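Below you'll find the structure, written out as structure tokens, and then a few comments.
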Amino acid sequence: MSRWWKLASPVAVIVLWQVLSSTGALPQHTPSPAKVVAGLWELTTKGLPPGYRLPGHLFASLERVLLGFAIAALVALPLGLLVGYSKRLDVIVDPLVEALRPVPPLAWLPLAVLWFGIGLFASAFLIFLGCFFPILLSTISGVKSVDVTLVDAARTLGAKPRSIVRRVMLPGALPSAVTGLRIGMGIGWMTLVAAEMTGVKSGYGLGYLVMTTRDLARYDLLLADIVVIGLVGFLLDRIIKVAERRLLKWR
Amino acid sequence: MMRATIRSRARVAATAVLLVLIAGVSIVGCGSSPKTTKVVRVGHLQNDMHQLAYYVARENGYFKDEGLDVRETGTFNAGPEEMSAFSAGQLDIGYVGAAPALTFSGQQMADVKAVAGVNRVGSAIVIRNGLEGDDVTSLKGHTVAVPGYSTMQDFLLRIALGKARVDAHDLTIMTLKPPEMAQALASAQIDAFIAWEPYPTMAVQQGVGRVLEESSKIWPHHPCCLVVVDSTFLAKDRDTVQRFVRAHEKATQFIKDNPDEAADMAARFTGQDPNVAKKAMATIEYDTSLDQKAIQRYAAYLNEMGVIKVSDPASFTADFVEPGMLQGGGR
């Protein structure tokens with residue numbers, strides 16, 4: 001099958017959307033794809049508020065998300081290995097993780113502002129919360145999925161715990177951990193709008209832009225922003241996927 | 001666009017007729033009062049000290065006295081959401097700020113008319129503890145939070161800066177939602193903010209800042225919240241709107257005549273400490289009149305900023321304002 005088939009579903013949605021818009025079948029005030037494209041152009045050239053252009057919004061959001069994601073990965077990966085390795089630790093940590101995991105990051109917003117002020121760190125904290133649990137849980141389940149006989153074999157062959165972790169556990173857990181990173185990045189990016197509700201001193205951010213378009217009743221620019229958020233989320237996922245393929249070549 | 005408008009109007013009209021029929025049938029069914037009870041779908045903002053008249057009219061039974069069955073269809077966190085409920089044809093009447101009402105009307109996103117004022121003034125600039133100065137020139141070089149780009153508060157700040165000959169570029173103006181403002185001020189993340197009551201009074205009460213300037217000083221009697229009505233609903237049923245406005249005027253008069261009792265009600269309405277409620281209310285002018293010139297001044301500003309695109313702010317405002325429902329026809 002040709003690679004072009006990948007474009008079939010997005011193109012079909014856009015065409016259908018345009019047809020429905022032109023015939024007036026959509027709820028009133030829903031912008032058409034043509035308006036959204038014009039909106040993308042307006043955001044790029046004029047910006048919203050005027051002067052605050054799209055690249056600025058994009059880079060500000062990337063900075064926040066990458067920071068939150070990096071911290072989540074740095075904490076969740078080692079913690080996941082430890083918890084996966086030690087049954088006792090698993091028993092101790094599990095209730096806390098399971099109780100905190102379902103809380104929507106947005107609920108933490110007032111506390112995020114209290115603890116980190118407004119700006120980069122408060123946003124990064126909310127994104128961290130979004131990324132952290134998928135990475136942690138996938139890493140734990142990755143470690144648990146390592147064949148026990150492999151560990152036993154290594155042990156009987158006289159391997160020290162340290163090298164068991166490095167040579168057996170880590171490679172065995174990696175595929176699942178990388179999947180966790182992908183899911184974590186996805187959820188972190190989804191947390192963006194909530195994260196930027198903490199207030200943005202610079203006036204830049206794709207999530208922050210959502211609120212501005214809402215205040216100004218510019219739903220065409222809102223949809224243009226949504227398109228950008230979607231595309232960038234897609235690209236971020238692709239980047240991790242490519243890295244995954246390189247990293248796990250040995251398989 | 002045209003077709004869509006007609007379709008939606010037809011839908012709203014059909015809904016209105018249906019609701020009236022249902023209301024009529026239920027009254028006949030009870031076999032009681034000959035005066036038909038009218039159902040009105042009303043929206044208002046949550047915890048908004050400015051919109052106290054709505055709560056008073058409801059609690060004191062003024063709506064009921066007018067034969068209105070007020071259905072609280074929406075309690076909104078912010079004006080734009082309430083206005084999009086008008087766009088969706090979900091509301092007949094709403095208490096909402098002039099800013100979102102004009103923004104949505106000017107962009108043809110909602111077709112509403114202002115039939116009464118709710119309040120004038122009642123916003124303030126609060127500066128954090130430890131900063132010197134007693135006028136807006138002391139904001140130079142500092143970070144000031146506003147509730148949103150082109151909001152009434154943003155406009156007021158710019159008027160104040162203009163009066164004091166301070167270039168807006170000499171300070172950092174950022175957007176922050178009012179509930180987060182006092183906290184940000186306390187931790188010196190921002191140096192000052194401008195917001196509607198009760199947020200300024202709350203910040204002062206919490207001891208994190210002091211009022212630098214009341215909005216009544218910046219622009220005396222500036223318009224703020226309005227009662228707006230869906231245009232189709234108004235055209236179909238002027239009598240119901242008239243009754244609603246009468247109840248609203250009665251409630252506003254009650255607030256003026258019974259400040260203590262009204263403060264208790266405000267505390268219940270907003271969940272505030274009665275002390276805060278009383279102090280905040282003292283800075284608000286509860287006034288049902290519609291000042292067309294003042295509304296036009298704000299519309300012209302929105303047009304200048306490109307937020308709305310109308311050819312003539314004067315005729316746009318004249319069309320937006322419908323003072324005929326007020327006792328004596330407003331002013």
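Residue numbering restarts at 1 in every chain; chains get A, B, ... in the order shown in the structure tokens, and ligands count up from 1 in that same order.
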task = Considering only C-alpha atoms, return as a list in words whatever protein or nucleic-acid residues lie within 9 Å of stretch 56-62 of chain B, sequence-local ones (same chain, fewer than 4 positions apart) excluded.
result = Leu52, Glu66, Gly67, Leu68, Val70, Phe244, Arg246, Ala247, His248, Glu249, Lys250, Ala251, Thr252, Phe254, Ile255, Ala262, Met265 and Ala266 of chain B
Find the nearest atom pair between each residue of stretch 167-229 of chain B and stretch 188-202 of chain A for residues within 8 Å, count only C-alpha atoms, give distances in Å to one decimal, sort rows by chain and ascending number, and present the table as a Markdown table.
| residue | atom | partner | partner_atom | distance |
| --- | --- | --- | --- | --- |
| B:Met174 | CA | A:Lys201 | CA | 5.6 |
| B:Thr175 | CA | A:Gly199 | CA | 6.5 |
| B:Leu176 | CA | A:Gly199 | CA | 5.1 |
| B:Lys177 | CA | A:Gly199 | CA | 7.5 |
| B:Glu180 | CA | A:Thr198 | CA | 7.8 |
message = as a PyMOL selection string, please: the residues near stretch 171-180 of chain A (cut-off 10 Å, only C-alpha atoms, same-chain neighbours under 4 positions excluded).
response = chain A and resi 73+76-77+80-81+84+131-147+150+165-167+184-186+240-241+243-245+247-248+250-251
Using only C-alpha atoms, please write the residues we just selected to a file, as a PDB file, in the first residue's frame.
ATOM      1  CA  ALA A  73      11.885  10.992  33.023  1.00  0.00           C
ATOM      2  CA  ALA A  76      10.415   8.126  37.060  1.00  0.00           C
ATOM      3  CA  LEU A  77      12.896   5.891  35.195  1.00  0.00           C
ATOM      4  CA  GLY A  80      10.493   2.572  38.229  1.00  0.00           C
ATOM      5  CA  LEU A  81      13.557   0.303  38.041  1.00  0.00           C
ATOM      6  CA  GLY A  84      10.018  -3.027  39.748  1.00  0.00           C
ATOM      7  CA  CYS A 131       4.317  12.728  32.282  1.00  0.00           C
ATOM      8  CA  PHE A 132       5.446  11.114  35.511  1.00  0.00           C
ATOM      9  CA  PHE A 133       2.934   8.317  36.114  1.00  0.00           C
ATOM     10  CA  PRO A 134       2.885   6.720  32.660  1.00  0.00           C
ATOM     11  CA  ILE A 135       6.692   6.616  32.633  1.00  0.00           C
ATOM     12  CA  LEU A 136       6.843   5.190  36.153  1.00  0.00           C
ATOM     13  CA  LEU A 137       4.178   2.541  35.646  1.00  0.00           C
ATOM     14  CA  SER A 138       5.530   1.410  32.265  1.00  0.00           C
ATOM     15  CA  THR A 139       9.031   1.098  33.682  1.00  0.00           C
ATOM     16  CA  ILE A 140       7.775  -0.924  36.653  1.00  0.00           C
ATOM     17  CA  SER A 141       5.803  -3.263  34.422  1.00  0.00           C
ATOM     18  CA  GLY A 142       8.830  -3.491  32.092  1.00  0.00           C
ATOM     19  CA  VAL A 143      11.024  -4.683  34.929  1.00  0.00           C
ATOM     20  CA  LYS A 144       8.369  -7.098  36.107  1.00  0.00           C
ATOM     21  CA  SER A 145       8.026  -8.518  32.631  1.00  0.00           C
ATOM     22  CA  VAL A 146      11.664  -9.623  32.598  1.00  0.00           C
ATOM     23  CA  ASP A 147      11.719 -13.412  32.559  1.00  0.00           C
ATOM     24  CA  LEU A 150      16.821 -15.165  33.078  1.00  0.00           C
ATOM     25  CA  VAL A 165      20.264  -4.888  36.848  1.00  0.00           C
ATOM     26  CA  ARG A 166      22.551  -3.579  34.127  1.00  0.00           C
ATOM     27  CA  ARG A 167      22.757  -6.627  31.919  1.00  0.00           C
ATOM     28  CA  GLY A 184       4.254  10.432  29.051  1.00  0.00           C
ATOM     29  CA  MET A 185       5.220  12.927  26.372  1.00  0.00           C
ATOM     30  CA  GLY A 186       1.735  12.671  24.884  1.00  0.00           C
ATOM     31  CA  ILE A 240      10.567   9.442  20.326  1.00  0.00           C
ATOM     32  CA  LYS A 241       9.483   6.636  18.013  1.00  0.00           C
ATOM     33  CA  ALA A 243      14.789   7.289  18.860  1.00  0.00           C
ATOM     34  CA  GLU A 244      13.157   4.110  20.116  1.00  0.00           C
ATOM     35  CA  ARG A 245      13.958   2.295  16.879  1.00  0.00           C
ATOM     36  CA  LEU A 247      17.860   2.521  20.790  1.00  0.00           C
ATOM     37  CA  LEU A 248      16.325  -0.908  20.522  1.00  0.00           C
ATOM     38  CA  TRP A 250      19.647  -4.943  19.116  1.00  0.00           C
ATOM     39  CA  ARG A 251      16.287  -6.625  19.412  1.00  0.00           C
TER      40      ARG A 251
END
For chain A, the nearest of the candidates B:Thr232, B:Gln206, B:Ser215, B:Thr143, counting only C-alpha atoms = B:Thr143
query = So which residues of stretch 22-231 of chain B fall under strand (DSSP E or B) by DSSP, listed as a PyMOL selection string?
reply = chain B and resi 38-45+68-76+93-97+112-117+119-120+123-128+143-146+172-175+192-196+209-214+223+225-230
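Atom CA of A:Arg182 is positioned 20.2 Å from atom CA of A:Glu98.
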With only C-alpha atoms counted and 9 Å as the cut-off, give the residues of chain B in contact with chain A, each with its shortest interatomic distance in Å and the pair that gives it, as a Markdown table.
| residue | atom | partner | partner_atom | distance |
| --- | --- | --- | --- | --- |
| B:Met1 | CA | A:Gly24 | CA | 7.3 |
| B:Arg3 | CA | A:Gly24 | CA | 7.2 |
| B:Ala4 | CA | A:Gly24 | CA | 5.9 |
| B:Thr5 | CA | A:Gln28 | CA | 7.3 |
| B:Ser8 | CA | A:Gln28 | CA | 7.5 |
| B:Ala78 | CA | A:Asp215 | CA | 8.8 |
| B:Gly79 | CA | A:Asp215 | CA | 8.1 |
| B:Pro80 | CA | A:Asp215 | CA | 5.5 |
| B:Glu81 | CA | A:Arg214 | CA | 8.0 |
| B:Met83 | CA | A:Ala217 | CA | 8.9 |
| B:Ser84 | CA | A:Ala217 | CA | 8.2 |
| B:Ser87 | CA | A:His29 | CA | 7.8 |
| B:Ala88 | CA | A:Gln28 | CA | 7.7 |
| B:Pro100 | CA | A:Asp215 | CA | 7.2 |
| B:Thr103 | CA | A:Leu216 | CA | 6.5 |
| B:Phe104 | CA | A:Ala217 | CA | 6.1 |
| B:Gln107 | CA | A:Ala217 | CA | 7.6 |
| B:Gln108 | CA | A:His29 | CA | 8.6 |
| B:Met109 | CA | A:His29 | CA | 6.4 |
| B:Ala110 | CA | A:His29 | CA | 9.0 |
| B:Thr143 | CA | A:Lys201 | CA | 8.4 |
| B:Ala145 | CA | A:Lys201 | CA | 8.9 |
| B:Gly148 | CA | A:Asp215 | CA | 7.2 |
| B:Tyr149 | CA | A:Pro49 | CA | 7.2 |
| B:Ser150 | CA | A:Leu216 | CA | 8.3 |
| B:Thr151 | CA | A:Asp215 | CA | 8.5 |
| B:Thr172 | CA | A:Lys201 | CA | 8.1 |
| B:Ile173 | CA | A:Lys201 | CA | 8.1 |
| B:Met174 | CA | A:Lys201 | CA | 5.6 |
| B:Thr175 | CA | A:Gly199 | CA | 6.5 |
| B:Leu176 | CA | A:Gly199 | CA | 5.1 |
| B:Lys177 | CA | A:Gly199 | CA | 7.5 |
| B:Pro179 | CA | A:Pro110 | CA | 8.7 |
| B:Glu180 | CA | A:Pro110 | CA | 7.1 |
| B:Gln183 | CA | A:Leu114 | CA | 6.6 |
| B:Ala184 | CA | A:Gly117 | CA | 6.4 |
| B:Ser187 | CA | A:Gly117 | CA | 6.9 |
| B:Ala188 | CA | A:Gly117 | CA | 8.5 |
| B:Gln189 | CA | A:Gly117 | CA | 6.1 |
| B:Ile190 | CA | A:Ile118 | CA | 8.6 |
| B:Met305 | CA | A:Pro50 | CA | 8.7 |
| B:Gly306 | CA | A:Pro50 | CA | 8.9 |
| B:Val307 | CA | A:Leu216 | CA | 6.5 |
| B:Ile308 | CA | A:Leu216 | CA | 8.5 |
request  = Return the single residue from A:Ile92, A:Leu16, A:Ile127, A:Ala60 that is closest to A:Pro104, with distances computed using only C-alpha atoms.
outcome  = A:Ile127
query = Nearest to B:Leu302 among B:Met281, B:Phe316, B:Gln327, B:Phe86, with distances taken over only C-alpha atoms: which residue is it?
reply =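 Selected residue with least distance to B:Leu302: B:Phe316.
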request  = Report as number ranges by chain: the residues of stretch 29-117 of chain A with a DSSP assignment of helix (DSSP H, G or I), based on the backbone of this structure.
outcome  = A: 33-45, 54-85, 87-100, 105-116
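The space between atom CA of A:Arg162 and atom CA of A:Phe69 spans 27.3 Å.
Pairwise distance (atom CA of B:Pro198, atom CA of B:Ser123) equals 8.5 Å.
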